[in-house]
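Novice: So that you have it, the file is final11.pdb, and it contains PDB, C-alpha atoms, pLDDT in the B column:
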ATOM      1  CA  MET R   9      82.749  98.766 120.295  1.00 51.00           C
ATOM      2  CA  HIS R  10      85.311 100.987 122.024  1.00 55.00           C
ATOM      3  CA  ASN R  11      85.989 103.617 119.409  1.00 61.00           C
ATOM      4  CA  ARG R  12      83.430 104.994 117.001  1.00 65.00           C
ATOM      5  CA  TRP R  13      86.226 106.249 114.718  1.00 63.00           C
ATOM      6  CA  ARG R  14      87.439 102.768 113.864  1.00 67.00           C
ATOM      7  CA  GLU R  15      85.755 101.749 110.642  1.00 73.00           C
ATOM      8  CA  THR R  16      87.990  98.899 109.492  1.00 78.00           C
ATOM      9  CA  GLU R  17      88.023  96.827 112.651  1.00 83.00           C
ATOM     10  CA  LEU R  18      86.125  95.974 115.769  1.00 86.00           C
ATOM     11  CA  SER R  19      87.616  97.049 119.076  1.00 87.00           C
ATOM     12  CA  VAL R  20      86.954  94.571 121.898  1.00 91.00           C
ATOM     13  CA  SER R  21      87.575  95.061 125.620  1.00 91.00           C
ATOM     14  CA  ARG R  22      90.612  93.302 127.037  1.00 92.00           C
ATOM     15  CA  SER R  23      88.289  91.767 129.622  1.00 94.00           C
ATOM     16  CA  VAL R  24      87.223  89.290 126.915  1.00 94.00           C
ATOM     17  CA  PRO R  25      89.388  86.146 127.028  1.00 95.00           C
ATOM     18  CA  GLU R  26      91.929  86.495 124.223  1.00 95.00           C
ATOM     19  CA  GLU R  27      91.993  82.831 123.180  1.00 95.00           C
ATOM     20  CA  SER R  28      88.190  82.719 122.867  1.00 95.00           C
ATOM     21  CA  LEU R  29      88.240  85.890 120.790  1.00 96.00           C
ATOM     22  CA  ARG R  30      90.976  84.493 118.534  1.00 97.00           C
ATOM     23  CA  ARG R  31      88.962  81.300 117.934  1.00 97.00           C
ATOM     24  CA  VAL R  32      85.837  83.236 116.957  1.00 96.00           C
ATOM     25  CA  ALA R  33      87.858  85.613 114.772  1.00 96.00           C
ATOM     26  CA  ALA R  34      89.566  82.704 112.988  1.00 97.00           C
ATOM     27  CA  ASP R  35      86.166  81.129 112.287  1.00 97.00           C
ATOM     28  CA  HIS R  36      85.334  84.314 110.342  1.00 96.00           C
ATOM     29  CA  ASP R  37      88.713  84.734 108.624  1.00 95.00           C
ATOM     30  CA  ARG R  38      89.715  87.646 110.858  1.00 95.00           C
ATOM     31  CA  THR R  39      92.847  88.360 112.862  1.00 94.00           C
ATOM     32  CA  VAL R  40      93.249  89.790 116.351  1.00 94.00           C
ATOM     33  CA  VAL R  41      95.848  92.395 117.294  1.00 87.00           C
ATOM     34  CA  GLY R  42      96.315  93.484 120.891  1.00 83.00           C
ATOM     35  CA  SER R  43      97.138  97.139 121.455  1.00 78.00           C
ATOM     36  CA  GLY R  44      97.358  97.286 125.233  1.00 76.00           C
ATOM     37  CA  TYR R  45      94.098  99.206 125.285  1.00 81.00           C
ATOM     38  CA  ALA R  46      91.894  96.686 123.484  1.00 87.00           C
ATOM     39  CA  TYR R  47      91.876  93.772 121.078  1.00 91.00           C
ATOM     40  CA  HIS R  48      91.323  94.760 117.470  1.00 89.00           C
ATOM     41  CA  VAL R  49      89.497  92.245 115.271  1.00 93.00           C
ATOM     42  CA  LYS R  50      90.163  92.956 111.622  1.00 91.00           C
ATOM     43  CA  SER R  51      90.482  91.590 108.139  1.00 92.00           C
ATOM     44  CA  PRO R  52      93.987  90.302 107.473  1.00 91.00           C
ATOM     45  CA  ASP R  53      93.856  92.292 104.203  1.00 91.00           C
ATOM     46  CA  VAL R  54      93.380  95.702 105.861  1.00 87.00           C
ATOM     47  CA  SER R  55      95.887  97.552 107.999  1.00 88.00           C
ATOM     48  CA  LYS R  56      97.185 101.033 108.621  1.00 91.00           C
ATOM     49  CA  ALA R  57      99.918 100.191 106.117  1.00 94.00           C
ATOM     50  CA  THR R  58      97.438  99.321 103.357  1.00 93.00           C
ATOM     51  CA  GLY R  59      95.634 102.571 104.138  1.00 93.00           C
ATOM     52  CA  LEU R  60      98.863 104.549 103.844  1.00 96.00           C
ATOM     53  CA  ARG R  61      99.754 102.862 100.555  1.00 96.00           C
ATOM     54  CA  ARG R  62      96.279 103.538  99.172  1.00 96.00           C
ATOM     55  CA  ALA R  63      96.380 107.200 100.231  1.00 96.00           C
ATOM     56  CA  ALA R  64      99.858 107.579  98.752  1.00 98.00           C
ATOM     57  CA  ASP R  65      98.662 106.041  95.491  1.00 97.00           C
ATOM     58  CA  LEU R  66      95.654 108.384  95.311  1.00 97.00           C
ATOM     59  CA  LEU R  67      97.905 111.379  95.981  1.00 97.00           C
ATOM     60  CA  ASP R  68     100.603 110.100  93.596  1.00 98.00           C
ATOM     61  CA  VAL R  69     103.147 110.329  96.423  1.00 97.00           C
ATOM     62  CA  ASP R  70     105.732 107.746  97.464  1.00 97.00           C
ATOM     63  CA  PRO R  71     104.853 106.108 100.819  1.00 97.00           C
ATOM     64  CA  ASP R  72     108.476 106.740 101.842  1.00 96.00           C
ATOM     65  CA  SER R  73     107.658 110.453 102.031  1.00 97.00           C
ATOM     66  CA  PHE R  74     105.298 109.841 104.966  1.00 97.00           C
ATOM     67  CA  VAL R  75     106.092 109.806 108.676  1.00 97.00           C
ATOM     68  CA  ALA R  76     104.290 107.341 110.968  1.00 96.00           C
ATOM     69  CA  ILE R  77     103.741 107.824 114.691  1.00 96.00           C
ATOM     70  CA  GLY R  78     102.375 105.037 116.852  1.00 92.00           C
ATOM     71  CA  ASP R  79     102.310 103.293 120.170  1.00 90.00           C
ATOM     72  CA  SER R  80     101.490  99.620 119.768  1.00 86.00           C
ATOM     73  CA  ALA R  81     101.554  96.388 117.771  1.00 81.00           C
ATOM     74  CA  ASN R  82      98.820  97.596 115.439  1.00 82.00           C
ATOM     75  CA  ASP R  83     101.215 100.317 114.226  1.00 90.00           C
ATOM     76  CA  THR R  84     104.180  98.108 113.288  1.00 89.00           C
ATOM     77  CA  GLU R  85     103.066  97.433 109.694  1.00 91.00           C
ATOM     78  CA  LEU R  86     102.552 101.181 109.244  1.00 93.00           C
ATOM     79  CA  PHE R  87     106.062 101.798 110.551  1.00 95.00           C
ATOM     80  CA  ASP R  88     107.406  99.478 107.846  1.00 94.00           C
ATOM     81  CA  ALA R  89     105.401 101.217 105.083  1.00 96.00           C
ATOM     82  CA  ALA R  90     106.329 104.812 105.940  1.00 97.00           C
ATOM     83  CA  GLY R  91     109.678 106.395 105.178  1.00 97.00           C
ATOM     84  CA  ARG R  92     110.248 107.347 108.807  1.00 96.00           C
ATOM     85  CA  SER R  93     108.543 106.173 111.970  1.00 95.00           C
ATOM     86  CA  TYR R  94     108.500 107.144 115.601  1.00 95.00           C
ATOM     87  CA  ALA R  95     107.117 105.418 118.671  1.00 93.00           C
ATOM     88  CA  VAL R  96     105.686 107.697 121.350  1.00 93.00           C
ATOM     89  CA  VAL R  97     107.230 107.686 124.810  1.00 93.00           C
ATOM     90  CA  ASN R  98     104.612 105.319 126.280  1.00 91.00           C
ATOM     91  CA  ALA R  99     104.713 102.875 123.344  1.00 89.00           C
ATOM     92  CA  ASP R 100     104.739  99.140 123.931  1.00 84.00           C
ATOM     93  CA  ASP R 101     107.744  96.955 123.133  1.00 87.00           C
ATOM     94  CA  ASN R 102     106.393  96.041 119.674  1.00 82.00           C
ATOM     95  CA  ALA R 103     106.297  99.655 118.561  1.00 86.00           C
ATOM     96  CA  ARG R 104     109.602 100.598 120.162  1.00 87.00           C
ATOM     97  CA  THR R 105     111.562  97.822 118.471  1.00 84.00           C
ATOM     98  CA  GLN R 106     110.346  98.655 114.947  1.00 75.00           C
TER      99      GLN R 106
END
Can the structure in the file be given as structure tokens, please?

Specialist:
Amino acid sequence: MHNRWRETELSVSRSVPEESLRRVAADHDRTVVGSGYAYHVKSPDVSKATGLRRAADLLDVDPDSFVAIGDSANDTELFDAAGRSYAVVNADDNARTQ
């Protein structure tokens, strides 16, 4: 694991062949998202966007009142859920086009 702070996904080194990782993930009903830094193996039901919506619900706040900041493909769903979103200067094409 690359990042001990990630509790909803498994971070895998990009040195692992992507197609092999995708096959194994699919066998376990998981998806793979590449971030440029690593591959992230996760449940298709959990994302940064679902986390934002859940937090907003608990706080009784509209998700549109949140601002999202990100840099890669694993942030694009969050960008759609938040009211405003910004890609950082070194963001990949996926984040910049959201």

Novice: Choose the residue, out of R:Phe87, R:Leu18, R:Ala76, R:Ala81, that has the smallest atom-to-atom separation from Val41 (chain R); count all atoms listed in the file.

Specialist: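 For Val41 (chain R), the nearest of the given residues is R:Ala81.
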
Novice: Given all atoms listed in the file as the basis, pick out the residue of R:Thr58, R:Ser73, R:Glu26, R:Glu17 nearest to Arg38 (chain R).

Specialist: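 Looking at the shortest contact to Arg38 (chain R), the residue is R:Glu17.
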
Novice: Give the answer as one residue: which of R:Ala46, R:Ile77, R:Ala63, R:Ala90 has the shortest atom-to-atom distance to Ser23 (chain R), using only C-alpha atoms?

Specialist: R:Ala46

Novice: Once the PyMOL selection byres ((chain R and resi 48-53) around 10) has been evaluated on this model, what residues remain selected, and can you format them as a VMD selection string?

Specialist: chain R and resid 9 to 10 14 to 22 29 to 30 32 to 34 36 to 43 45 to 47 54 to 55 58 82

Novice: Just C-alpha atoms for this one: save the residues we selected as a PDB file, in the frame of the given file.

Specialist:
ATOM      1  CA  MET R   9      82.749  98.766 120.295  1.00 51.00           C
ATOM      2  CA  HIS R  10      85.311 100.987 122.024  1.00 55.00           C
ATOM      3  CA  ARG R  14      87.439 102.768 113.864  1.00 67.00           C
ATOM      4  CA  GLU R  15      85.755 101.749 110.642  1.00 73.00           C
ATOM      5  CA  THR R  16      87.990  98.899 109.492  1.00 78.00           C
ATOM      6  CA  GLU R  17      88.023  96.827 112.651  1.00 83.00           C
ATOM      7  CA  LEU R  18      86.125  95.974 115.769  1.00 86.00           C
ATOM      8  CA  SER R  19      87.616  97.049 119.076  1.00 87.00           C
ATOM      9  CA  VAL R  20      86.954  94.571 121.898  1.00 91.00           C
ATOM     10  CA  SER R  21      87.575  95.061 125.620  1.00 91.00           C
ATOM     11  CA  ARG R  22      90.612  93.302 127.037  1.00 92.00           C
ATOM     12  CA  LEU R  29      88.240  85.890 120.790  1.00 96.00           C
ATOM     13  CA  ARG R  30      90.976  84.493 118.534  1.00 97.00           C
ATOM     14  CA  VAL R  32      85.837  83.236 116.957  1.00 96.00           C
ATOM     15  CA  ALA R  33      87.858  85.613 114.772  1.00 96.00           C
ATOM     16  CA  ALA R  34      89.566  82.704 112.988  1.00 97.00           C
ATOM     17  CA  HIS R  36      85.334  84.314 110.342  1.00 96.00           C
ATOM     18  CA  ASP R  37      88.713  84.734 108.624  1.00 95.00           C
ATOM     19  CA  ARG R  38      89.715  87.646 110.858  1.00 95.00           C
ATOM     20  CA  THR R  39      92.847  88.360 112.862  1.00 94.00           C
ATOM     21  CA  VAL R  40      93.249  89.790 116.351  1.00 94.00           C
ATOM     22  CA  VAL R  41      95.848  92.395 117.294  1.00 87.00           C
ATOM     23  CA  GLY R  42      96.315  93.484 120.891  1.00 83.00           C
ATOM     24  CA  SER R  43      97.138  97.139 121.455  1.00 78.00           C
ATOM     25  CA  TYR R  45      94.098  99.206 125.285  1.00 81.00           C
ATOM     26  CA  ALA R  46      91.894  96.686 123.484  1.00 87.00           C
ATOM     27  CA  TYR R  47      91.876  93.772 121.078  1.00 91.00           C
ATOM     28  CA  VAL R  54      93.380  95.702 105.861  1.00 87.00           C
ATOM     29  CA  SER R  55      95.887  97.552 107.999  1.00 88.00           C
ATOM     30  CA  THR R  58      97.438  99.321 103.357  1.00 93.00           C
ATOM     31  CA  ASN R  82      98.820  97.596 115.439  1.00 82.00           C
TER      32      ASN R  82
END

Novice: If the PyMOL selection byres ((chain R and resi 72) around 10) is run on the structure shown, which residues does it catch, given as JSON, numbers by chain?

Specialist: {"R": [61, 64, 69, 70, 71, 73, 74, 75, 88, 89, 90, 91, 92]}

Novice: Quick check on the file I pasted: which residues fall under the PyMOL selection byres ((chain R and resi 79) around 6)? Write them as a PyMOL selection string.

Specialist: chain R and resi 78+80+95-96+99+103

Novice: What separation in Å, quoted to one decimal, exists between CA of Lys56 (chain R) and CA of Leu86 (chain R)?

Specialist: 5.4 Å

Novice: In terms of the shortest atom-to-atom distance over all atoms listed in the file, which of R:Leu60, R:Glu27, R:Asp35, R:Asp65 is closest to Asp83 (chain R)?

Specialist: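 That would be R:Leu60, the residue with the smallest distance to Asp83 (chain R).
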
Novice: Would you please work out which residue, of R:Leu67, R:Val97, R:Arg104, R:Gly44, is nearest to Thr84 (chain R) when using only C-alpha atoms?

Specialist: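 Looking only at the distances to Thr84 (chain R), the closest residue turns out to be R:Arg104.
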